[in-house]
>>> print(open('work-v4.cif').read())   # mmCIF, C-alpha atoms and all ligand atoms
data_model
loop_
_atom_site.label_atom_id
_atom_site.label_comp_id
_atom_site.auth_asym_id
_atom_site.auth_seq_id
_atom_site.Cartn_x
_atom_site.Cartn_y
_atom_site.Cartn_z
CA MET A 294 117.31 115.73 -116.63
CA GLU A 295 119.86 114.18 -118.94
CA GLN A 296 119.51 111.11 -121.06
CA ASP A 297 122.74 109.58 -122.32
CA THR A 298 121.47 107.52 -125.22
CA ALA A 299 125.03 106.52 -126.17
CA ALA A 300 125.69 104.62 -122.95
CA ARG A 301 122.74 102.74 -121.53
CA THR A 302 124.14 101.55 -118.22
CA PRO A 303 122.78 98.31 -116.77
CA LEU A 304 121.68 98.76 -113.17
CA THR A 305 119.86 97.07 -110.33
CA LEU A 306 117.10 98.59 -108.23
CA LEU A 307 116.05 97.20 -104.85
CA GLY A 308 112.62 98.42 -103.77
CA LEU A 309 109.47 98.80 -105.82
CA GLY A 310 107.28 100.90 -103.59
CA ALA A 311 105.67 104.05 -105.00
CA MET A 312 109.02 105.79 -105.50
CA GLY A 313 110.98 102.72 -106.59
CA THR A 314 108.38 101.91 -109.25
CA ALA A 315 108.55 105.48 -110.60
CA LEU A 316 112.36 105.28 -110.76
CA ALA A 317 112.21 101.89 -112.50
CA ARG A 318 109.81 103.19 -115.12
CA ALA A 319 112.06 106.18 -115.86
CA TRP A 320 115.18 104.04 -116.34
CA LEU A 321 113.29 101.50 -118.47
CA ALA A 322 111.80 104.26 -120.61
CA ALA A 323 115.32 105.58 -121.22
CA GLY A 324 116.46 102.14 -122.36
CA HIS A 325 118.64 101.15 -119.39
CA PRO A 326 118.75 97.37 -118.79
CA LEU A 327 117.22 97.10 -115.32
CA THR A 328 117.21 94.26 -112.80
CA VAL A 329 114.75 94.69 -109.93
CA TRP A 330 113.99 93.03 -106.63
CA ASN A 331 111.20 93.69 -104.15
CA ARG A 332 110.51 91.93 -100.86
CA THR A 333 106.89 91.38 -101.91
CA ALA A 334 107.46 89.78 -105.30
CA ALA A 335 104.02 90.61 -106.72
CA ARG A 336 104.88 94.32 -106.79
CA ALA A 337 107.47 93.63 -109.52
CA ALA A 338 104.86 92.52 -112.07
CA PRO A 339 104.11 95.98 -113.57
CA VAL A 340 107.78 96.85 -114.19
CA ALA A 341 108.46 93.32 -115.45
CA ALA A 342 105.78 94.00 -118.06
CA ASP A 343 107.72 97.15 -118.99
CA GLY A 344 110.91 95.12 -119.55
CA ALA A 345 112.64 94.82 -116.16
CA ARG A 346 114.36 91.57 -115.26
CA VAL A 347 113.07 90.36 -111.88
CA ALA A 348 115.57 88.71 -109.51
CA GLY A 349 114.40 86.13 -106.99
CA THR A 350 116.55 87.44 -104.16
CA ALA A 351 118.27 90.71 -103.28
CA ALA A 352 121.65 88.94 -103.48
CA GLU A 353 120.88 87.79 -107.02
CA ALA A 354 119.82 91.32 -107.99
CA VAL A 355 123.02 92.79 -106.55
CA ALA A 356 125.10 90.23 -108.46
CA ALA A 357 123.46 91.31 -111.74
CA SER A 358 124.89 94.86 -112.02
CA GLY A 359 127.86 96.94 -110.96
CA LEU A 360 125.53 99.82 -110.07
CA VAL A 361 122.94 99.04 -107.38
CA VAL A 362 120.29 101.55 -106.32
CA THR A 363 118.29 101.09 -103.11
CA CYS A 364 114.96 102.85 -102.58
CA LEU A 365 113.47 101.20 -99.52
CA LEU A 366 111.41 102.28 -96.55
CA ASP A 367 114.21 103.19 -94.12
CA ASP A 368 117.81 102.58 -93.15
CA ALA A 369 117.00 99.31 -91.37
CA SER A 370 115.32 97.89 -94.48
CA VAL A 371 118.42 98.73 -96.57
CA ARG A 372 120.66 96.85 -94.13
CA GLN A 373 118.24 93.89 -94.13
CA ALA A 374 117.92 93.76 -97.91
CA LEU A 375 121.71 93.86 -98.44
CA ALA A 376 122.60 91.53 -95.55
CA ASP A 377 123.20 88.41 -97.66
CA ALA A 378 124.50 90.11 -100.81
CA ASP A 379 128.13 90.10 -101.96
CA LEU A 380 128.87 93.81 -102.32
CA THR A 381 132.45 93.41 -103.50
CA GLY A 382 133.16 95.89 -106.30
CA ARG A 383 129.62 97.26 -106.29
CA ASP A 384 128.69 100.95 -106.48
CA LEU A 385 125.71 101.51 -104.21
CA VAL A 386 123.40 104.52 -104.52
CA ASN A 387 121.04 104.76 -101.57
CA LEU A 388 117.93 106.83 -102.28
CA THR A 389 116.21 105.80 -99.05
CA THR A 390 115.39 108.69 -96.71
CA SER A 391 117.98 108.55 -93.90
CA THR A 392 119.54 110.70 -91.23
CA PRO A 393 123.02 112.13 -91.89
CA GLY A 394 124.40 109.76 -89.24
CA GLN A 395 122.74 106.74 -90.85
CA ALA A 396 124.14 107.73 -94.26
CA ARG A 397 127.68 108.08 -92.88
CA ALA A 398 127.44 104.73 -91.08
CA LEU A 399 126.06 103.05 -94.22
CA ALA A 400 128.98 104.44 -96.26
CA ASP A 401 131.44 102.92 -93.75
CA TRP A 402 129.52 99.64 -93.71
CA ALA A 403 129.53 99.47 -97.52
CA HIS A 404 133.24 100.29 -97.62
CA GLN A 405 134.00 97.46 -95.17
CA ARG A 406 132.16 95.11 -97.52
CA GLY A 407 134.12 96.19 -100.58
CA ALA A 408 131.58 98.63 -102.04
CA ARG A 409 131.47 102.39 -102.65
CA LEU A 410 128.41 104.38 -101.60
CA LEU A 411 126.73 107.55 -102.78
CA ASP A 412 123.82 108.70 -100.66
CA GLY A 413 120.85 110.52 -102.14
CA GLY A 414 117.90 112.54 -100.90
CA ILE A 415 114.94 112.71 -103.26
CA MET A 416 113.26 116.12 -103.47
CA ALA A 417 110.29 114.94 -105.51
CA VAL A 418 107.14 112.84 -105.22
CA PRO A 419 106.57 109.86 -107.54
CA PRO A 420 104.52 111.68 -110.24
CA MET A 421 107.46 114.11 -110.69
CA ILE A 422 109.93 111.34 -111.51
CA GLY A 423 110.89 111.18 -115.19
CA VAL A 424 109.10 114.47 -115.92
CA ALA A 425 111.68 116.99 -117.13
CA SER A 426 109.64 120.07 -116.23
CA SER A 427 108.56 118.90 -112.75
CA GLY A 428 111.25 120.73 -110.79
CA GLY A 429 112.10 117.57 -108.88
CA TYR A 430 115.72 116.71 -108.16
CA VAL A 431 117.91 114.48 -106.00
CA PHE A 432 120.70 115.57 -103.65
CA TYR A 433 123.81 113.38 -103.81
CA SER A 434 126.82 113.22 -101.51
CA GLY A 435 129.90 111.04 -101.20
CA SER A 436 132.88 110.73 -103.54
CA ARG A 437 132.74 113.34 -106.32
CA ASP A 438 134.49 110.92 -108.68
CA LEU A 439 131.90 108.24 -107.98
CA PHE A 440 129.12 110.75 -108.59
CA GLU A 441 130.68 111.75 -111.93
CA VAL A 442 130.96 108.11 -113.03
CA HIS A 443 127.21 107.58 -112.60
CA ARG A 444 125.92 111.10 -113.16
CA GLY A 445 124.35 110.32 -116.56
CA VAL A 446 122.25 107.38 -115.44
CA LEU A 447 121.33 109.06 -112.12
CA ALA A 448 120.07 112.10 -114.02
CA VAL A 449 117.47 110.05 -115.93
CA PRO A 450 114.71 110.03 -113.25
CA ALA A 451 115.35 113.56 -111.93
CA ASP A 452 117.95 116.32 -111.97
CA THR A 453 120.98 115.82 -109.75
CA ARG A 454 122.53 118.17 -107.17
CA TYR A 455 125.87 117.10 -105.73
CA VAL A 456 126.33 118.64 -102.27
CA GLY A 457 129.69 117.35 -101.04
CA ALA A 458 132.06 114.55 -100.18
CA ASP A 459 130.56 113.97 -96.72
CA PRO A 460 128.14 111.06 -97.28
CA GLY A 461 125.79 112.59 -94.71
CA PHE A 462 125.29 115.86 -96.61
CA ALA A 463 122.61 114.67 -99.03
CA ALA A 464 120.49 113.47 -96.09
CA LEU A 465 121.20 116.69 -94.18
CA HIS A 466 120.06 118.88 -97.10
CA ASP A 467 117.02 116.65 -97.65
CA VAL A 468 115.95 116.72 -94.00
CA ALA A 469 116.60 120.47 -93.66
CA LEU A 470 114.25 121.19 -96.58
CA LEU A 471 111.67 118.70 -95.31
CA SER A 472 111.83 120.34 -91.87
CA ALA A 473 111.20 123.78 -93.39
CA MET A 474 108.27 122.32 -95.32
CA THR A 475 106.89 120.87 -92.08
CA GLY A 476 106.96 124.30 -90.44
CA MET A 477 105.18 125.77 -93.47
CA PHE A 478 102.49 123.08 -93.32
CA ALA A 479 102.03 123.81 -89.61
CA GLY A 480 101.42 127.47 -90.45
CA VAL A 481 99.00 126.54 -93.21
CA ALA A 482 97.08 124.25 -90.84
CA HIS A 483 96.76 127.05 -88.27
CA ALA A 484 95.62 129.57 -90.90
CA PHE A 485 92.91 127.26 -92.25
CA ALA A 486 91.80 126.51 -88.66
CA LEU A 487 91.34 130.26 -88.02
CA ILE A 488 88.85 130.62 -90.89
CA ARG A 489 87.29 127.17 -90.57
CA ARG A 490 84.13 128.19 -88.70
CA GLU A 491 83.50 131.31 -90.80
CA GLU A 492 81.80 131.68 -94.13
CA ILE A 493 85.12 131.97 -95.94
CA PRO A 494 85.43 129.26 -98.60
CA PRO A 495 88.79 127.51 -98.20
CA LYS A 496 89.15 127.51 -101.98
CA ASP A 497 89.03 131.32 -101.97
CA PHE A 498 91.47 131.52 -99.06
CA ALA A 499 94.01 129.09 -100.56
CA PRO A 500 95.33 131.46 -103.27
CA LEU A 501 95.76 134.18 -100.63
CA LEU A 502 97.84 131.80 -98.52
CA GLU A 503 99.91 130.71 -101.50
CA GLY A 504 100.59 134.30 -102.55
CA TRP A 505 101.55 135.41 -99.04
CA LEU A 506 103.88 132.47 -98.43
CA THR A 507 105.50 132.98 -101.84
CA GLY A 508 105.94 136.70 -101.08
CA MET A 509 107.55 135.95 -97.71
CA ALA A 510 109.88 133.22 -99.00
CA PRO A 511 112.73 135.63 -99.97
CA PHE A 512 113.23 136.21 -96.22
CA VAL A 513 115.52 133.17 -96.40
CA HIS A 514 118.10 135.30 -98.26
CA LEU A 515 118.06 138.00 -95.56
CA ALA A 516 118.53 135.31 -92.91
CA ALA A 517 121.42 133.78 -94.90
CA ALA A 518 123.13 137.18 -95.30
CA GLN A 519 122.68 137.98 -91.60
CA LEU A 520 124.02 134.57 -90.53
CA ALA A 521 127.07 135.11 -92.77
CA SER A 522 127.81 138.58 -91.34
CA GLY A 523 126.78 137.93 -87.74
CA ASP A 524 124.88 141.24 -87.90
CA TYR A 525 121.17 140.51 -87.41
CA VAL A 526 120.13 144.19 -87.52
CA THR A 527 121.35 145.47 -90.92
CA GLY A 528 118.68 144.85 -93.55
CA THR A 529 115.98 144.17 -90.97
CA GLY A 530 112.64 145.62 -92.00
CA SER A 531 110.47 144.01 -89.31
CA ASN A 532 112.18 144.06 -85.94
CA LEU A 533 111.72 141.69 -83.05
CA ALA A 534 110.16 144.28 -80.69
CA MET A 535 107.39 144.98 -83.19
CA MET A 536 106.89 141.32 -84.09
CA VAL A 537 106.66 140.10 -80.48
CA ALA A 538 104.04 142.78 -79.77
CA ALA A 539 102.10 141.65 -82.86
CA ASN A 540 102.35 138.04 -81.73
CA GLU A 541 99.87 138.87 -78.93
CA THR A 542 97.34 139.65 -81.68
CA LEU A 543 98.02 136.27 -83.27
CA LEU A 544 97.45 134.47 -79.96
CA THR A 545 94.36 136.46 -79.00
CA THR A 546 92.84 135.94 -82.46
CA ALA A 547 93.37 132.18 -82.14
CA ARG A 548 91.53 132.22 -78.81
CA GLU A 549 88.70 134.37 -80.24
CA GLN A 550 88.31 131.88 -83.10
CA GLY A 551 88.39 128.88 -80.76
CA VAL A 552 91.65 127.60 -82.23
CA SER A 553 94.48 125.97 -80.29
CA THR A 554 97.73 127.95 -80.15
CA GLU A 555 99.85 124.79 -79.82
CA LEU A 556 101.36 125.10 -83.31
CA LEU A 557 102.28 128.77 -82.84
CA THR A 558 103.56 129.01 -79.29
CA PRO A 559 106.91 127.14 -79.63
CA TYR A 560 108.14 129.63 -82.22
CA LEU A 561 106.58 132.70 -80.58
CA ASP A 562 108.16 131.72 -77.23
CA LEU A 563 111.60 131.63 -78.88
CA MET A 564 111.03 135.10 -80.36
CA ALA A 565 110.02 136.42 -76.93
CA ARG A 566 113.15 134.87 -75.34
CA ARG A 567 115.41 136.49 -77.93
CA LEU A 568 113.72 139.86 -77.29
CA ALA A 569 114.12 139.42 -73.52
CA ASP A 570 117.84 138.77 -74.13
CA GLY A 571 118.08 142.36 -75.48
CA HIS A 572 117.80 142.00 -79.27
CA ALA A 573 114.85 144.32 -79.98
CA ALA A 574 116.28 145.75 -83.23
CA GLU A 575 117.07 142.38 -84.82
CA SER A 576 115.03 140.35 -87.27
CA ASP A 577 114.07 136.89 -86.03
CA THR A 578 117.31 135.43 -87.45
CA GLY A 579 118.57 135.32 -83.83
CA VAL A 580 116.06 132.56 -83.06
CA ILE A 581 118.37 130.26 -85.04
CA ASP A 582 121.08 130.78 -82.41
CA LEU A 583 118.65 129.82 -79.65
CA LEU A 584 118.02 126.47 -81.37
CA LEU A 585 121.68 125.44 -81.36
CA ARG A 586 122.44 123.17 -78.41
N1 LIG A 601 106.87 108.52 -101.99
C1 LIG A 601 107.21 109.76 -101.66
O1 LIG A 601 106.48 110.72 -101.85
C2 LIG A 601 108.57 110.09 -101.03
C3 LIG A 601 109.27 111.18 -101.78
C4 LIG A 601 110.64 111.49 -101.21
C5 LIG A 601 111.46 110.21 -101.00
N2 LIG A 601 110.69 109.24 -100.26
C6 LIG A 601 111.49 108.12 -99.74
O2 LIG A 601 111.69 107.09 -100.71
C7 LIG A 601 111.80 105.84 -100.05
C8 LIG A 601 110.81 104.85 -100.65
O3 LIG A 601 109.54 105.43 -100.58
P1 LIG A 601 108.28 104.77 -101.28
O4 LIG A 601 107.31 105.86 -101.57
O5 LIG A 601 108.68 103.92 -102.39
O6 LIG A 601 107.74 103.89 -100.04
P2 LIG A 601 106.74 102.67 -100.06
O7 LIG A 601 105.79 102.77 -101.19
O8 LIG A 601 106.18 102.56 -98.68
O9 LIG A 601 107.70 101.40 -100.35
C9 LIG A 601 108.61 100.94 -99.38
C10 LIG A 601 109.53 99.91 -100.00
O10 LIG A 601 110.42 99.40 -99.00
C11 LIG A 601 110.29 97.97 -98.96
N3 LIG A 601 110.60 97.49 -97.64
C12 LIG A 601 110.09 97.92 -96.45
N4 LIG A 601 110.65 97.25 -95.44
C13 LIG A 601 111.53 96.38 -95.97
C14 LIG A 601 112.43 95.41 -95.44
N5 LIG A 601 112.54 95.19 -94.10
N6 LIG A 601 113.21 94.70 -96.30
C15 LIG A 601 113.11 94.89 -97.63
N7 LIG A 601 112.26 95.78 -98.23
C16 LIG A 601 111.49 96.53 -97.39
C17 LIG A 601 108.86 97.74 -99.39
O11 LIG A 601 108.75 96.39 -99.79
P3 LIG A 601 107.31 95.65 -99.76
O12 LIG A 601 106.55 96.22 -98.55
O13 LIG A 601 106.63 95.97 -101.05
O14 LIG A 601 107.63 94.22 -99.58
C18 LIG A 601 108.75 98.72 -100.56
O15 LIG A 601 109.41 98.23 -101.69
C19 LIG A 601 111.53 106.09 -98.56
O16 LIG A 601 112.75 106.16 -97.86
C20 LIG A 601 110.83 107.44 -98.57
O17 LIG A 601 111.03 108.16 -97.38
C21 LIG A 601 109.45 108.85 -100.91
#
>>> encode(input="work-v4.cif", output="structure tokens", more="lines below")
Ligand code: FVH
Amino acid sequence: MEQDTAARTPLTLLGLGAMGTALARAWLAAGHPLTVWNRTAARAAPVAADGARVAGTAAEAVAASGLVVTCLLDDASVRQALADADLTGRDLVNLTTSTPGQARALADWAHQRGARLLDGGIMAVPPMIGVASSGGYVFYSGSRDLFEVHRGVLAVPADTRYVGADPGFAALHDVALLSAMTGMFAGVAHAFALIRREEIPPKDFAPLLEGWLTGMAPFVHLAAAQLASGDYVTGTGSNLAMMVAANETLLTTAREQGVSTELLTPYLDLMARRLADGHAAESDTGVIDLLLR
């Protein structure tokens, strides 16, 4: 995180939920003059006590600063909040979780109303905001020049990662990482379910899970190299023929332990399909091709 003490940019923040409040506190702590608005006015009281100016309406908040950040529930709430505001000449930074398509459409919508838009995807939870060592960061996409203009103030709450001129790219990176996390959580849920009825303390099992998942994580680099070359065999240590055979053990163990296989079977079925298509010597990188429609 950076903190440009020489230039304390005034800015407006719409949205004081858990994340918006954390962002507000970080900017106030760094000395940036901050105007805030929240649909439920009472939620502004804590940041007002920290020095934020509270606007009565979203339009009034937008009028207060050239840089306007939105951190609201979803795309629809951003459109609603900005509906009556004059966006002429404003630089909007949308930190609301969106789809790539929503981000692109919002950039067009903002442009038609005389504003420029950067879209962001927050890879952090509220306690990580404003904490330099937390590892949290925010993806940004849209105009590189616009990003550079506001880079200093945007870097106050969390590190920044610019990922391209396409306004949808921040959302795409965000959702891709969240999707991978969802798959990991599904695996963790299944693993805990397998041991749940045994005398294995979950607290003893948790470090084993963490270590194994951490050890397996570098597979992403093999997958990336294989996708780049189109050769899914070179570098493969565990081939599909072996893994599909081993998958029977995973399924049978689940049944023995009285655990549903519903989290496992979608992925195992794809592996079996790829094997049936004649790719026994590959890693499971080929499953990625089966997902593309
Ligand atoms: N909190 C988290 O862990 C994640 C981390 C990654 C990024 N997400 C995204 O950040 C956006 C905001 O999340 P949040 O945690 O602040 O969410 P809430 O605490 O539920 O606050 C929601 C705010 O949105 C306002 N709001 C909702 N609907 C409307 C509307 N129609 N018009 C205007 N404002 C609206 C709500 O206002 P109120 O309920 O207090 O009146 C809150 O300010 C989000 O995209 C996450 O996916 C957070």
>>> atom_distance(input="work-v4.cif", atom1="CA of Gly414 (chain A)", atom2="CA of Glu503 (chain A)")
25.6 Å
>>> closest_residue(input="work-v4.cif", among="A:Cys364, A:Ala319, A:Ala400, A:Leu584", to="ligand LIG 601 (chain A)", atoms="all atoms listed in the file")
A:Cys364
>>> atom_distance(input="work-v4.cif", atom1="CA of Val424 (chain A)", atom2="CA of Asn387 (chain A)")
21.0 Å
>>> residues_near_ligand(input="work-v4.cif", ligand="ligand LIG 601 (chain A)", cutoff="9 Å", atoms="only C-alpha atoms and all ligand atoms", output="number ranges by chain")
A: 307-315, 330-337, 351, 363-375, 388-391, 414-420, 467
>>> closest_residue(input="work-v4.cif", among="A:Ala573, A:Met477, A:Gly523, A:Thr381", to="Trp505 (chain A)", atoms="all atoms listed in the file")
A:Met477
>>> residues_around(input="work-v4.cif", residues="region 575-579 of chain A", least_positions_apart="4", cutoff="6 Å", atoms="all atoms listed in the file", output="PDB file with C-alpha atoms, in the coordinates of the input")
ATOM      1  CA  ALA A 516     118.530 135.310 -92.910  1.00  0.00           C
ATOM      2  CA  TYR A 525     121.170 140.510 -87.410  1.00  0.00           C
ATOM      3  CA  VAL A 526     120.130 144.190 -87.520  1.00  0.00           C
ATOM      4  CA  THR A 529     115.980 144.170 -90.970  1.00  0.00           C
ATOM      5  CA  ASN A 532     112.180 144.060 -85.940  1.00  0.00           C
ATOM      6  CA  LEU A 533     111.720 141.690 -83.050  1.00  0.00           C
TER       7      LEU A 533
END
>>> axis_aligned_box(input="work-v4.cif", around="region 360-372 of chain A", padding_each_side="8 Å", output="JSON")
{"center_x": 118.5, "center_y": 100.0, "center_z": -100.7, "size_x": 30.1, "size_y": 22.3, "size_z": 34.7}
>>> residues_around(input="work-v4.cif", residues="Arg490 (chain A)", least_positions_apart="5", cutoff="10 Å", atoms="all atoms listed in the file", output="list in words")
Phe485, Gln550, Gly551 and Val552 of chain A
>>> write_last_selection(input="work-v4.cif", atoms="C-alpha atoms", output="PDB file, in the coordinates of the input")
ATOM      1  CA  PHE A 485      92.910 127.260 -92.250  1.00  0.00           C
ATOM      2  CA  GLN A 550      88.310 131.880 -83.100  1.00  0.00           C
ATOM      3  CA  GLY A 551      88.390 128.880 -80.760  1.00  0.00           C
ATOM      4  CA  VAL A 552      91.650 127.600 -82.230  1.00  0.00           C
TER       5      VAL A 552
END
>>> atom_distance(input="work-v4.cif", atom1="CA of Ala574 (chain A)", atom2="CA of Ala518 (chain A)")
16.3 Å
>>> closest_residue(input="work-v4.cif", among="A:Asp343, A:Asp562, A:Asp412, A:Asp524", to="Val361 (chain A)", atoms="all atoms listed in the file")
A:Asp412
>>> closest_residue(input="work-v4.cif", among="A:Leu306, A:Ala376, A:Ala569, A:Ala396", to="Ala348 (chain A)", atoms="only C-alpha atoms")
A:Leu306
>>> residues_around(input="work-v4.cif", residues="region 448-452 of chain A", least_positions_apart="6", cutoff="10 Å", atoms="all atoms listed in the file", output="VMD selection string")
chain A and resid 294 to 297 315 to 323 325 415 to 417 419 421 to 432
>>> residues_around(input="work-v4.cif", residues="Thr554 (chain A)", least_positions_apart="4", cutoff="9 Å", atoms="all atoms listed in the file", output="ChimeraX atom specification")
/A:483,543-544,547-548,558
>>> closest_residue(input="work-v4.cif", among="A:Asp570, A:Ala357, A:Gly457, A:Leu557", to="Phe478 (chain A)", atoms="all atoms listed in the file")
A:Leu557
>>> closest_residue(input="work-v4.cif", among="A:Ala473, A:Leu439, A:Ala486, A:Ala342", to="Val513 (chain A)", atoms="all atoms listed in the file")
A:Ala473
>>> decode(input="work-v4.cif", residues="region 553-561 of chain A", atoms="all heavy atoms", output="PDB file, in the first residue's frame")
ATOM      1  N   SER A 553     -22.311 -38.019   0.998  1.00  0.00           N
ATOM      2  CA  SER A 553     -22.781 -37.785  -0.371  1.00  0.00           C
ATOM      3  C   SER A 553     -21.593 -37.512  -1.299  1.00  0.00           C
ATOM      4  O   SER A 553     -20.624 -36.859  -0.907  1.00  0.00           O
ATOM      5  CB  SER A 553     -23.721 -36.573  -0.377  1.00  0.00           C
ATOM      6  OG  SER A 553     -23.911 -36.137  -1.707  1.00  0.00           O
ATOM      7  N   THR A 554     -21.716 -38.000  -2.531  1.00  0.00           N
ATOM      8  CA  THR A 554     -20.661 -37.730  -3.528  1.00  0.00           C
ATOM      9  C   THR A 554     -21.008 -36.529  -4.418  1.00  0.00           C
ATOM     10  O   THR A 554     -20.334 -36.280  -5.410  1.00  0.00           O
ATOM     11  CB  THR A 554     -20.454 -38.968  -4.420  1.00  0.00           C
ATOM     12  OG1 THR A 554     -21.693 -39.259  -5.090  1.00  0.00           O
ATOM     13  CG2 THR A 554     -19.997 -40.174  -3.622  1.00  0.00           C
ATOM     14  N   GLU A 555     -22.062 -35.788  -4.039  1.00  0.00           N
ATOM     15  CA  GLU A 555     -22.560 -34.760  -4.975  1.00  0.00           C
ATOM     16  C   GLU A 555     -21.568 -33.625  -5.231  1.00  0.00           C
ATOM     17  O   GLU A 555     -21.654 -32.956  -6.260  1.00  0.00           O
ATOM     18  CB  GLU A 555     -23.905 -34.195  -4.499  1.00  0.00           C
ATOM     19  CG  GLU A 555     -23.881 -33.476  -3.173  1.00  0.00           C
ATOM     20  CD  GLU A 555     -25.279 -33.337  -2.571  1.00  0.00           C
ATOM     21  OE1 GLU A 555     -26.173 -32.828  -3.256  1.00  0.00           O
ATOM     22  OE2 GLU A 555     -25.446 -33.747  -1.404  1.00  0.00           O
ATOM     23  N   LEU A 556     -20.653 -33.368  -4.305  1.00  0.00           N
ATOM     24  CA  LEU A 556     -19.646 -32.336  -4.576  1.00  0.00           C
ATOM     25  C   LEU A 556     -18.532 -32.852  -5.496  1.00  0.00           C
ATOM     26  O   LEU A 556     -17.925 -32.094  -6.236  1.00  0.00           O
ATOM     27  CB  LEU A 556     -19.021 -31.830  -3.265  1.00  0.00           C
ATOM     28  CG  LEU A 556     -19.893 -30.895  -2.420  1.00  0.00           C
ATOM     29  CD1 LEU A 556     -19.206 -30.578  -1.097  1.00  0.00           C
ATOM     30  CD2 LEU A 556     -20.207 -29.606  -3.167  1.00  0.00           C
ATOM     31  N   LEU A 557     -18.251 -34.146  -5.424  1.00  0.00           N
ATOM     32  CA  LEU A 557     -17.143 -34.715  -6.195  1.00  0.00           C
ATOM     33  C   LEU A 557     -17.521 -35.067  -7.629  1.00  0.00           C
ATOM     34  O   LEU A 557     -16.726 -34.867  -8.553  1.00  0.00           O
ATOM     35  CB  LEU A 557     -16.645 -36.013  -5.542  1.00  0.00           C
ATOM     36  CG  LEU A 557     -15.802 -35.946  -4.272  1.00  0.00           C
ATOM     37  CD1 LEU A 557     -15.305 -37.352  -3.921  1.00  0.00           C
ATOM     38  CD2 LEU A 557     -14.611 -35.017  -4.462  1.00  0.00           C
ATOM     39  N   THR A 558     -18.714 -35.632  -7.805  1.00  0.00           N
ATOM     40  CA  THR A 558     -19.013 -36.270  -9.094  1.00  0.00           C
ATOM     41  C   THR A 558     -18.951 -35.346 -10.314  1.00  0.00           C
ATOM     42  O   THR A 558     -18.513 -35.814 -11.382  1.00  0.00           O
ATOM     43  CB  THR A 558     -20.361 -37.016  -9.064  1.00  0.00           C
ATOM     44  OG1 THR A 558     -21.330 -36.187  -8.449  1.00  0.00           O
ATOM     45  CG2 THR A 558     -20.247 -38.313  -8.312  1.00  0.00           C
ATOM     46  N   PRO A 559     -19.332 -34.059 -10.225  1.00  0.00           N
ATOM     47  CA  PRO A 559     -19.254 -33.248 -11.467  1.00  0.00           C
ATOM     48  C   PRO A 559     -17.832 -33.203 -12.023  1.00  0.00           C
ATOM     49  O   PRO A 559     -17.633 -33.349 -13.236  1.00  0.00           O
ATOM     50  CB  PRO A 559     -19.716 -31.860 -11.008  1.00  0.00           C
ATOM     51  CG  PRO A 559     -20.572 -32.122  -9.816  1.00  0.00           C
ATOM     52  CD  PRO A 559     -19.934 -33.300  -9.118  1.00  0.00           C
ATOM     53  N   TYR A 560     -16.852 -33.047 -11.149  1.00  0.00           N
ATOM     54  CA  TYR A 560     -15.469 -32.959 -11.635  1.00  0.00           C
ATOM     55  C   TYR A 560     -14.961 -34.344 -12.065  1.00  0.00           C
ATOM     56  O   TYR A 560     -14.321 -34.485 -13.110  1.00  0.00           O
ATOM     57  CB  TYR A 560     -14.554 -32.362 -10.556  1.00  0.00           C
ATOM     58  CG  TYR A 560     -13.187 -32.041 -11.114  1.00  0.00           C
ATOM     59  CD1 TYR A 560     -13.023 -31.001 -12.017  1.00  0.00           C
ATOM     60  CD2 TYR A 560     -12.066 -32.795 -10.787  1.00  0.00           C
ATOM     61  CE1 TYR A 560     -11.794 -30.710 -12.580  1.00  0.00           C
ATOM     62  CE2 TYR A 560     -10.825 -32.528 -11.334  1.00  0.00           C
ATOM     63  CZ  TYR A 560     -10.692 -31.482 -12.228  1.00  0.00           C
ATOM     64  OH  TYR A 560      -9.468 -31.208 -12.788  1.00  0.00           O
ATOM     65  N   LEU A 561     -15.278 -35.370 -11.290  1.00  0.00           N
ATOM     66  CA  LEU A 561     -14.798 -36.720 -11.635  1.00  0.00           C
ATOM     67  C   LEU A 561     -15.421 -37.183 -12.965  1.00  0.00           C
ATOM     68  O   LEU A 561     -14.757 -37.867 -13.758  1.00  0.00           O
ATOM     69  CB  LEU A 561     -15.131 -37.711 -10.511  1.00  0.00           C
ATOM     70  CG  LEU A 561     -14.556 -37.399  -9.118  1.00  0.00           C
ATOM     71  CD1 LEU A 561     -14.679 -38.618  -8.207  1.00  0.00           C
ATOM     72  CD2 LEU A 561     -13.117 -36.919  -9.172  1.00  0.00           C
TER      73      LEU A 561
END
